[in-house]
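S.K.: Following this line is work.csv, made up of CSV, C-alpha atoms:
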chain,number,residue,atom,x,y,z
A,81,MET,CA,-23.4,8.2,1.6
A,82,ALA,CA,-21.3,9.3,-1.4
A,83,LEU,CA,-18.2,11.3,-0.6
A,84,MET,CA,-17.8,14.9,-1.9
A,85,PRO,CA,-15.8,17.9,-0.8
A,86,LYS,CA,-17.3,20.2,1.9
A,87,ARG,CA,-16.1,23.4,0.3
A,88,VAL,CA,-14.7,24.1,-3.1
A,89,LYS,CA,-13.3,27.1,-4.8
A,90,PHE,CA,-15.1,26.3,-8.1
A,91,ARG,CA,-18.1,24.0,-8.4
A,92,LYS,CA,-17.3,22.8,-12.0
A,93,SER,CA,-14.0,21.8,-13.4
A,94,GLN,CA,-12.6,21.1,-16.8
A,95,LYS,CA,-12.4,17.5,-17.9
A,96,GLY,CA,-8.6,17.2,-18.2
A,97,ARG,CA,-6.6,14.1,-19.0
A,98,VAL,CA,-5.0,11.5,-16.7
A,99,ARG,CA,-1.3,11.4,-17.6
A,100,GLY,CA,1.7,9.8,-16.0
A,101,ASN,CA,2.1,7.6,-13.0
A,102,ALA,CA,1.3,8.1,-9.3
A,103,THR,CA,4.3,9.5,-7.4
A,104,ARG,CA,2.3,10.0,-4.2
A,105,GLY,CA,-0.1,7.8,-2.4
A,106,ASN,CA,1.5,4.8,-4.2
A,107,TYR,CA,2.5,2.7,-1.2
A,108,VAL,CA,0.6,1.0,1.6
A,109,ALA,CA,0.9,3.5,4.4
A,110,PHE,CA,-1.7,2.7,7.1
A,111,GLY,CA,-2.8,-0.9,6.8
A,112,GLU,CA,-1.0,-4.1,6.0
A,113,TYR,CA,-2.4,-4.8,2.5
A,114,GLY,CA,-3.8,-2.6,-0.2
A,115,LEU,CA,-5.5,-2.4,-3.6
A,116,GLN,CA,-3.4,-0.6,-6.2
A,117,ALA,CA,-4.7,0.9,-9.5
A,118,LEU,CA,-2.8,-0.3,-12.5
A,119,GLU,CA,-4.6,1.9,-15.0
A,120,PRO,CA,-5.4,5.6,-15.2
A,121,GLY,CA,-9.0,6.6,-14.7
A,122,ARG,CA,-11.7,8.3,-12.7
A,123,ILE,CA,-13.5,6.5,-9.8
A,124,SER,CA,-16.8,8.0,-8.9
A,125,ALA,CA,-17.9,8.6,-5.3
A,126,GLN,CA,-20.6,5.9,-5.8
A,127,THR,CA,-18.0,3.4,-6.8
A,128,ILE,CA,-15.7,4.3,-3.9
A,129,GLU,CA,-18.7,3.8,-1.6
A,130,ALA,CA,-19.6,0.4,-3.3
A,131,GLY,CA,-16.1,-0.8,-2.6
A,132,ARG,CA,-16.2,0.4,1.0
A,133,VAL,CA,-19.5,-1.5,1.5
A,134,VAL,CA,-18.1,-4.7,0.1
A,135,ALA,CA,-15.0,-4.4,2.1
A,136,SER,CA,-16.9,-3.7,5.3
A,137,GLN,CA,-19.2,-6.7,4.7
A,138,MET,CA,-16.2,-9.0,4.3
A,139,VAL,CA,-14.3,-7.5,7.3
A,140,LYS,CA,-17.3,-7.6,9.6
A,141,GLY,CA,-15.6,-5.5,12.2
A,142,GLY,CA,-12.7,-7.9,12.4
A,143,GLY,CA,-10.3,-5.4,10.8
A,144,LYS,CA,-10.1,-1.9,9.5
A,145,VAL,CA,-10.6,-0.5,6.0
A,146,TYR,CA,-8.9,2.7,4.9
A,147,ILE,CA,-10.1,4.6,1.8
A,148,ARG,CA,-7.0,6.3,0.2
A,149,VAL,CA,-8.8,8.2,-2.6
A,150,PHE,CA,-11.2,11.1,-2.3
A,151,PRO,CA,-13.5,12.4,-5.1
A,152,GLN,CA,-12.2,16.0,-5.5
A,153,LYS,CA,-13.3,16.5,-9.1
A,154,SER,CA,-16.9,17.3,-10.2
A,155,VAL,CA,-18.1,15.8,-13.4
A,156,THR,CA,-20.9,17.6,-15.3
A,157,ALA,CA,-23.4,16.4,-17.9
A,158,ILE,CA,-26.1,18.0,-20.0
A,159,PRO,CA,-29.5,16.3,-20.1
A,160,ALA,CA,-30.5,14.1,-23.1
A,161,GLU,CA,-32.1,15.8,-26.1
A,162,THR,CA,-30.7,19.2,-25.2
A,163,ARG,CA,-29.6,21.6,-27.9
A,164,MET,CA,-25.9,22.5,-27.8
A,165,GLY,CA,-24.9,25.7,-26.1
A,166,LYS,CA,-26.4,27.4,-23.0
A,167,GLY,CA,-23.3,26.8,-21.0
A,168,LYS,CA,-21.8,23.9,-19.0
A,169,GLY,CA,-24.1,21.2,-17.7
A,170,GLU,CA,-24.9,20.5,-14.1
A,171,ILE,CA,-22.8,18.4,-11.8
A,172,GLU,CA,-23.6,14.7,-12.3
A,173,PHE,CA,-21.2,13.1,-9.8
A,174,TRP,CA,-17.9,13.6,-8.0
A,175,ALA,CA,-14.9,11.5,-8.9
A,176,ALA,CA,-11.4,10.7,-7.8
A,177,VAL,CA,-8.7,11.0,-10.5
A,178,VAL,CA,-6.5,7.9,-10.3
A,179,LYS,CA,-3.1,7.3,-11.8
A,180,PRO,CA,-1.3,3.9,-12.2
A,181,GLY,CA,0.2,3.0,-8.8
A,182,THR,CA,-2.4,4.8,-6.6
A,183,ILE,CA,-3.5,2.8,-3.6
A,184,LEU,CA,-7.3,2.9,-3.5
A,185,TYR,CA,-8.0,0.9,-0.3
A,186,GLU,CA,-6.1,-0.5,2.5
A,187,ILE,CA,-6.9,-3.2,5.0
A,188,SER,CA,-5.4,-4.1,8.4
A,189,GLY,CA,-6.1,-6.7,11.1
A,190,LEU,CA,-6.8,-9.5,8.7
A,191,SER,CA,-4.8,-12.5,7.5
A,192,GLU,CA,-3.3,-12.2,4.0
A,193,GLU,CA,-5.7,-14.8,2.7
A,194,VAL,CA,-8.9,-13.0,3.9
A,195,ALA,CA,-7.4,-9.6,2.8
A,196,ARG,CA,-6.7,-11.0,-0.7
A,197,GLU,CA,-10.3,-12.3,-1.0
A,198,THR,CA,-11.8,-9.0,0.3
A,199,LEU,CA,-9.8,-6.8,-2.0
A,200,ALA,CA,-10.5,-9.1,-5.0
A,201,ARG,CA,-14.2,-8.5,-4.4
A,202,VAL,CA,-13.6,-4.8,-4.1
A,203,SER,CA,-11.6,-4.8,-7.3
A,204,HIS,CA,-14.6,-6.3,-9.1
A,205,LYS,CA,-16.5,-3.1,-8.4
A,206,MET,CA,-13.7,-0.9,-9.8
A,207,PRO,CA,-13.8,0.4,-13.4
A,208,ILE,CA,-10.0,-0.1,-13.8
A,209,LYS,CA,-7.5,-3.0,-13.4
A,210,CYS,CA,-6.2,-3.3,-9.9
A,211,ARG,CA,-3.8,-5.6,-8.0
A,212,PHE,CA,-3.3,-6.7,-4.4
A,213,VAL,CA,-0.2,-5.3,-2.7
A,214,GLY,CA,1.5,-5.6,0.6
A,215,ARG,CA,3.7,-3.2,2.5
A,216,ARG,CA,7.0,-2.2,1.0
A,217,PRO,CA,9.9,-3.7,3.0
A,218,THR,CA,11.8,-1.3,5.2
A,219,ILE,CA,15.5,-1.5,4.5
B,269,MET,CA,21.2,-8.1,14.8
B,270,ALA,CA,21.2,-8.9,11.1
B,271,GLU,CA,24.6,-9.9,9.6
B,272,ALA,CA,26.1,-7.7,6.9
B,273,LEU,CA,25.7,-9.5,3.6
B,274,LYS,CA,28.8,-9.7,1.3
B,275,ILE,CA,27.9,-8.6,-2.2
B,276,ARG,CA,30.0,-8.3,-5.3
B,277,VAL,CA,29.4,-5.1,-7.1
B,278,GLU,CA,30.8,-3.6,-10.3
B,279,PRO,CA,31.7,-0.1,-11.1
B,280,ARG,CA,29.7,1.5,-13.9
B,281,ASP,CA,31.4,2.0,-17.3
B,282,PRO,CA,33.4,5.2,-17.1
B,283,ALA,CA,33.7,5.5,-20.8
B,284,ARG,CA,30.0,6.2,-21.1
B,285,ASN,CA,29.6,9.3,-18.9
B,286,LYS,CA,30.4,7.0,-15.9
B,287,GLY,CA,27.4,4.9,-16.9
B,288,THR,CA,25.2,7.3,-15.0
B,289,GLY,CA,23.0,8.5,-17.8
B,290,THR,CA,19.4,7.6,-18.2
B,291,ARG,CA,20.0,5.4,-21.2
B,292,ALA,CA,22.9,3.6,-19.5
B,293,VAL,CA,20.9,2.8,-16.4
B,294,ARG,CA,17.9,1.7,-18.4
B,295,ARG,CA,20.2,-0.7,-20.2
B,296,LEU,CA,21.6,-2.0,-16.9
B,297,ARG,CA,18.1,-2.6,-15.5
B,298,ARG,CA,17.1,-4.5,-18.6
B,299,GLN,CA,20.2,-6.8,-17.9
B,300,GLY,CA,18.9,-7.5,-14.4
B,301,ARG,CA,21.3,-5.1,-12.6
B,302,ILE,CA,20.4,-2.2,-10.3
B,303,PRO,CA,22.3,1.1,-10.4
B,304,ALA,CA,23.5,2.3,-7.1
B,305,VAL,CA,25.9,4.9,-5.6
B,306,ILE,CA,28.4,4.8,-2.7
B,307,TYR,CA,29.1,8.0,-0.8
B,308,GLY,CA,30.2,9.3,2.6
B,309,HIS,CA,33.2,9.7,4.8
B,310,LYS,CA,34.3,12.6,2.6
B,311,GLN,CA,35.5,10.2,0.0
B,312,GLU,CA,34.6,10.3,-3.7
B,313,VAL,CA,31.2,9.2,-4.9
B,314,VAL,CA,31.3,5.9,-6.7
B,315,PRO,CA,28.6,4.8,-9.1
B,316,ILE,CA,28.2,1.1,-9.1
B,317,THR,CA,25.8,-1.7,-10.2
B,318,LEU,CA,24.7,-4.8,-8.3
B,319,SER,CA,22.7,-7.8,-9.1
B,320,HIS,CA,18.9,-7.7,-8.7
B,321,ASP,CA,19.0,-11.0,-6.8
B,322,ASP,CA,21.5,-9.7,-4.3
B,323,VAL,CA,19.3,-6.7,-3.5
B,324,TRP,CA,16.3,-9.0,-2.9
B,325,GLN,CA,18.4,-11.2,-0.7
B,326,MET,CA,19.2,-8.2,1.4
B,327,ILE,CA,15.5,-7.2,1.6
B,328,LYS,CA,14.5,-10.7,2.7
B,329,ALA,CA,17.2,-10.8,5.3
B,330,ALA,CA,16.1,-7.3,6.6
B,331,SER,CA,19.8,-6.4,6.4
B,332,HIS,CA,20.6,-2.7,6.7
B,333,LEU,CA,24.4,-3.2,6.3
B,334,ALA,CA,26.3,-4.7,3.5
B,335,GLU,CA,29.9,-5.4,2.7
B,336,LEU,CA,30.4,-4.4,-0.9
B,337,ASP,CA,33.3,-6.0,-2.8
B,338,LEU,CA,34.3,-3.5,-5.5
B,339,GLY,CA,37.3,-5.0,-7.4
B,340,GLY,CA,38.9,-6.5,-4.4
B,341,LYS,CA,38.3,-3.4,-2.1
B,342,THR,CA,35.7,-4.1,0.6
B,343,GLU,CA,33.5,-1.3,1.9
B,344,THR,CA,31.0,-1.5,4.7
B,345,VAL,CA,27.9,0.4,3.8
B,346,LEU,CA,24.5,1.2,5.1
B,347,ILE,CA,21.4,1.4,2.8
B,348,ARG,CA,20.5,5.1,3.0
B,349,ASP,CA,17.8,5.3,0.3
B,350,VAL,CA,15.8,3.1,-2.0
B,351,GLN,CA,14.0,4.3,-5.1
B,352,TRP,CA,11.0,2.2,-6.2
B,353,ASP,CA,9.1,2.4,-9.4
B,354,ASN,CA,5.5,3.8,-9.4
B,355,LEU,CA,4.0,0.4,-8.7
B,356,GLY,CA,6.4,-0.6,-6.0
B,357,LYS,CA,7.5,-3.7,-7.9
B,358,GLU,CA,11.0,-3.0,-8.9
B,359,ILE,CA,13.9,-1.1,-7.2
B,360,LEU,CA,15.2,1.6,-9.5
B,361,HIS,CA,18.2,2.8,-7.5
B,362,LEU,CA,20.0,2.4,-4.2
B,363,ASP,CA,22.1,4.8,-2.1
B,364,PHE,CA,24.8,3.3,0.0
B,365,ALA,CA,26.5,5.4,2.7
B,366,ARG,CA,29.9,4.4,4.0
B,367,VAL,CA,29.9,3.5,7.7
B,368,SER,CA,32.2,2.0,10.3
B,369,ALA,CA,30.9,-0.5,12.8
B,370,GLU,CA,31.3,1.9,15.8
B,371,GLU,CA,29.7,4.9,14.1
B,372,GLU,CA,26.4,6.2,15.4
B,373,ILE,CA,23.8,6.1,12.7
B,374,GLU,CA,20.1,6.7,12.2
B,375,THR,CA,17.9,4.2,10.3
B,376,ASP,CA,14.4,2.9,10.1
B,377,VAL,CA,13.6,-0.6,11.6
B,378,ASN,CA,10.5,-2.6,11.2
B,379,ILE,CA,8.3,-3.4,14.2
B,380,GLU,CA,7.5,-7.1,14.6
B,381,LEU,CA,4.5,-8.2,16.6
B,382,ARG,CA,4.9,-11.3,18.7
B,383,GLY,CA,2.1,-13.4,20.2
B,384,GLN,CA,-1.7,-13.3,20.1
B,385,ALA,CA,-3.3,-10.5,22.0
B,386,ALA,CA,-5.6,-11.6,24.8
B,387,GLY,CA,-8.1,-8.9,23.9
B,388,ILE,CA,-8.9,-10.5,20.5
B,389,ALA,CA,-10.6,-13.4,22.3
B,390,GLU,CA,-12.8,-10.8,24.1
B,391,GLY,CA,-13.9,-9.3,20.8
B,392,GLY,CA,-11.3,-6.7,20.2
B,393,ILE,CA,-9.2,-5.9,17.1
B,394,LEU,CA,-5.4,-5.6,17.2
B,395,GLU,CA,-4.6,-2.3,15.4
B,396,GLN,CA,-1.0,-1.5,14.6
B,397,LEU,CA,-0.6,2.3,14.2
B,398,VAL,CA,3.2,2.4,13.6
B,399,HIS,CA,5.0,-0.1,11.4
B,400,SER,CA,8.5,1.1,11.6
B,401,LEU,CA,10.6,3.3,13.9
B,402,ARG,CA,13.6,5.5,13.4
B,403,ILE,CA,16.4,4.4,15.7
B,404,LYS,CA,19.9,5.6,16.6
B,405,CYS,CA,22.6,3.0,17.3
B,406,PRO,CA,26.1,2.0,16.3
B,407,ALA,CA,26.1,0.7,12.8
B,408,GLY,CA,27.4,-2.7,13.9
B,409,ALA,CA,24.4,-3.2,16.2
B,410,ILE,CA,21.4,-2.5,14.0
B,411,PRO,CA,18.6,-4.9,15.1
B,412,SER,CA,16.8,-6.6,12.2
B,413,SER,CA,13.5,-5.7,13.8
B,414,ILE,CA,12.0,-4.4,17.0
B,415,LYS,CA,10.0,-7.1,18.6
B,416,VAL,CA,6.9,-6.1,20.5
B,417,ASP,CA,5.1,-8.7,22.6
B,418,VAL,CA,1.3,-8.2,22.3
B,419,GLY,CA,0.2,-11.3,24.2
B,420,HIS,CA,-0.7,-9.4,27.4
B,421,LEU,CA,-2.9,-6.8,25.6
B,422,ASN,CA,-6.5,-6.7,26.6
B,423,VAL,CA,-9.2,-4.5,25.1
B,424,ASP,CA,-8.2,-0.8,25.3
B,425,ASP,CA,-4.6,-1.7,26.2
B,426,GLY,CA,-1.8,-0.4,24.1
B,427,VAL,CA,2.0,-0.5,23.7
B,428,TYR,CA,3.8,2.8,23.7
B,429,VAL,CA,7.3,3.7,22.7
B,430,ARG,CA,8.2,4.0,26.4
B,431,ASP,CA,7.2,0.3,26.8
B,432,LEU,CA,9.6,-1.1,24.2
B,433,SER,CA,12.4,-3.3,25.3
B,434,LEU,CA,15.3,-2.2,23.1
B,435,PRO,CA,18.7,-3.9,22.6
B,436,PRO,CA,21.6,-2.2,24.4
B,437,GLY,CA,22.9,0.9,22.6
B,438,VAL,CA,19.7,1.4,20.6
B,439,THR,CA,17.6,4.5,21.2
B,440,VAL,CA,14.3,5.4,19.4
B,441,ASP,CA,13.9,8.8,17.8
B,442,ALA,CA,10.3,9.2,18.7
B,443,GLU,CA,8.1,10.6,21.4
B,444,GLU,CA,7.6,8.3,24.4
B,445,ASP,CA,3.9,8.7,24.2
B,446,LEU,CA,3.7,7.4,20.7
B,447,LEU,CA,1.2,4.6,20.5
B,448,ILE,CA,2.5,1.7,18.5
B,449,VAL,CA,-0.2,-1.0,18.8
B,450,HIS,CA,-3.5,-1.3,20.7
B,451,VAL,CA,-6.5,-3.5,21.0
B,452,VAL,CA,-9.8,-1.7,20.2
B,453,VAL,CA,-13.4,-2.8,20.6
B,454,ARG,CA,-14.8,-4.4,17.4
B,455,GLY,CA,-17.1,-2.4,15.2
B,456,THR,CA,-16.7,1.0,16.9
B,457,THR,CA,-16.8,2.9,13.6
B,458,ALA,CA,-20.2,4.5,13.3
B,459,GLU,CA,-22.3,3.7,10.2
B,460,PRO,CA,-23.5,6.9,8.5
B,461,THR,CA,-26.8,8.0,9.8
B,462,GLU,CA,-29.8,9.4,7.8
B,463,ALA,CA,-29.0,12.9,8.9
B,464,ALA,CA,-25.5,12.6,7.6
B,465,ALA,CA,-26.8,11.2,4.4
B,466,GLU,CA,-29.2,14.2,3.9
B,467,GLU,CA,-26.3,16.5,4.6
B,468,ALA,CA,-24.2,14.8,2.0
B,469,VAL,CA,-26.8,15.2,-0.7
B,470,ALA,CA,-26.3,19.0,-0.6
B,471,GLN,CA,-23.8,20.5,-2.9
B,472,PRO,CA,-20.4,21.7,-1.5
B,473,GLU,CA,-20.2,25.3,-0.4
B,474,VAL,CA,-18.4,27.5,-2.9
B,475,ILE,CA,-15.6,29.6,-1.4
B,476,LYS,CA,-16.3,33.1,-2.7
B,477,PRO,CA,-13.3,35.4,-3.4
B,478,GLU,CA,-12.7,37.9,-0.6
B,479,ARG,CA,-12.3,40.8,-3.0
B,480,LYS,CA,-16.0,40.7,-4.0
B,481,GLU,CA,-17.1,40.6,-0.4
B,482,LYS,CA,-15.0,43.6,0.4
B,483,GLU,CA,-16.5,45.5,-2.6
B,484,LYS,CA,-20.0,44.7,-1.4
B,485,ALA,CA,-19.1,46.0,2.1
B,486,ASP,CA,-18.0,49.3,0.5
What does the file become when written as structure tokens?

M.R.:
Amino acid sequence: MALMPKRVKFRKSQKGRVRGNATRGNYVAFGEYGLQALEPGRISAQTIEAGRVVASQMVKGGGKVYIRVFPQKSVTAIPAETRMGKGKGEIEFWAAVVKPGTILYEISGLSEEVARETLARVSHKMPIKCRFVGRRPTI
Amino acid sequence: MAEALKIRVEPRDPARNKGTGTRAVRRLRRQGRIPAVIYGHKQEVVPITLSHDDVWQMIKAASHLAELDLGGKTETVLIRDVQWDNLGKEILHLDFARVSAEEEIETDVNIELRGQAAGIAEGGILEQLVHSLRIKCPAGAIPSSIKVDVGHLNVDDGVYVRDLSLPPGVTVDAEEDLLIVHVVVRGTTAEPTEAAAEEAVAQPEVIKPERKEKEKAD
């Protein structure tokens, strides 16, 4: 089940550019370990789902997986061999816009070793470079 | 209670705009020093720098208090704020507030779980919902962490703020009914059903502007 918004103000959006670093959602907030994006990019709803499935298979109910990104942006495409013009294409998929530093997934209830292995497998599904992170120390 | 670490700090170069400009602090960070500032007690604000290693030593020791040696003058300070870079790897800046040992202060303290919950053997998962708590206490009595014993927790049991055993003089600034940690039954999260999947295939509803609806009504 791919994620997408329930209600939107506008169905289609402009492409835009991913600039700058994440200033929000850039620390582990709910779990104990997380997967952090190191590059800017778009992560499609299908990819987010693929990551969730891999994480759930590894966790097997022994822990909890949190998804920290949501595909808010619609991406359109025009069919192949179509002449230019005639307006914007139809929605192809929904994607989450990700900046460097964004936490994509979080995991709790697992040992660091298992969490590292789980998130490494999830990172293989991602179209961008990611790294394993822990909680920031409270001082 | 964590001991206050003694750290030697240096004032920032007053000749270069007190060493507080962007270029000056970037240069300091390249040299392995972290810019910081001391304020409080209605005294002047002092921009300082301290070694990267000393800061990480404080983090590892979970020490909230520090005794800063600034040119022979010692000041007891509390870490009030920490600025991290976007990846959470490096500390960019620290705020130190002057405190006296008897002064009542507010700070965040980590929660440390102790023991193996009995409910895990019965097929439960230990879920920690709160990782740190805001406490009020004298500055000289800040605990390094709040220890929570989870050994007695069975499935569907939890530890609330009211159950915490706090050191004397420490009060928690949170609701008594706040759940900190509990043991839940494994695999309670429902997998998406076919009906949900069908629902998801549909496109999102478009929020129509109210103005047009009003015009139609007219």

S.K.: One decimal, Å: what's the distance from atom CA of A:Gln152 over to atom CA of A:Val133, could you say?

M.R.: 20.2 Å

S.K.: So that I can see what lies close to A:Trp174, please list as an NGL selection string the residues with an atom at most 10 Å from it, counting all atoms listed in the file and leaving out residues fewer than 2 positions away in the same chain.

M.R.: :A and (82-85 or 122-126 or 150-156 or 171-172 or 176-177)

S.K.: Give me the residues within 9 Å of stretch 427-434 of chain B as a ChimeraX atom specification, counting only C-alpha atoms and dropping any in the same chain fewer than 2 places off.

M.R.: /B:414-418,421,425,436-440,442-450

S.K.: Residues of chain B were defined as contacting chain A if any atom lay at most 6 Å from it, counting all atoms listed in the file; please report them as a PyMOL selection string.

M.R.: chain B and resi 332+354-355+454-455+465+472-475

S.K.: Which of these residues is nearest to B:Asn378, using all atoms listed in the file: B:Ile403, B:Val293, B:Val423, B:Val323?

M.R.: B:Ile403

S.K.: Near B:Ala304, within 9 Å and counting all atoms listed in the file, which residues show up once chain neighbours fewer than 4 positions away are dropped, as a list in words?

M.R.: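 Neighbouring residues, sequence-local ones excluded: Val314, Pro315, Ile316, Thr317, Leu318, Leu360, His361, Leu362, Asp363 and Phe364 of chain B.
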
S.K.: As an exercise, work out the distance from atom CA of B:Ser319 to atom CA of B:Val367 in Å and give it to one decimal place.

M.R.: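 Spanning atom CA of B:Ser319 to atom CA of B:Val367 is a straight-line distance of 21.5 Å.
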
S.K.: Please compute the atom CA of A:Glu170-atom CA of B:Glu478 distance, one decimal, in Å.

M.R.: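 Computing the Euclidean distance for atom CA of A:Glu170 and atom CA of B:Glu478 yields 25.2 Å.
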
S.K.: For B:Glu371, which residue out of B:Pro279, B:Gly287, B:Gly419, B:Gly408 is the nearest one, using all atoms listed in the file?

M.R.: B:Gly408
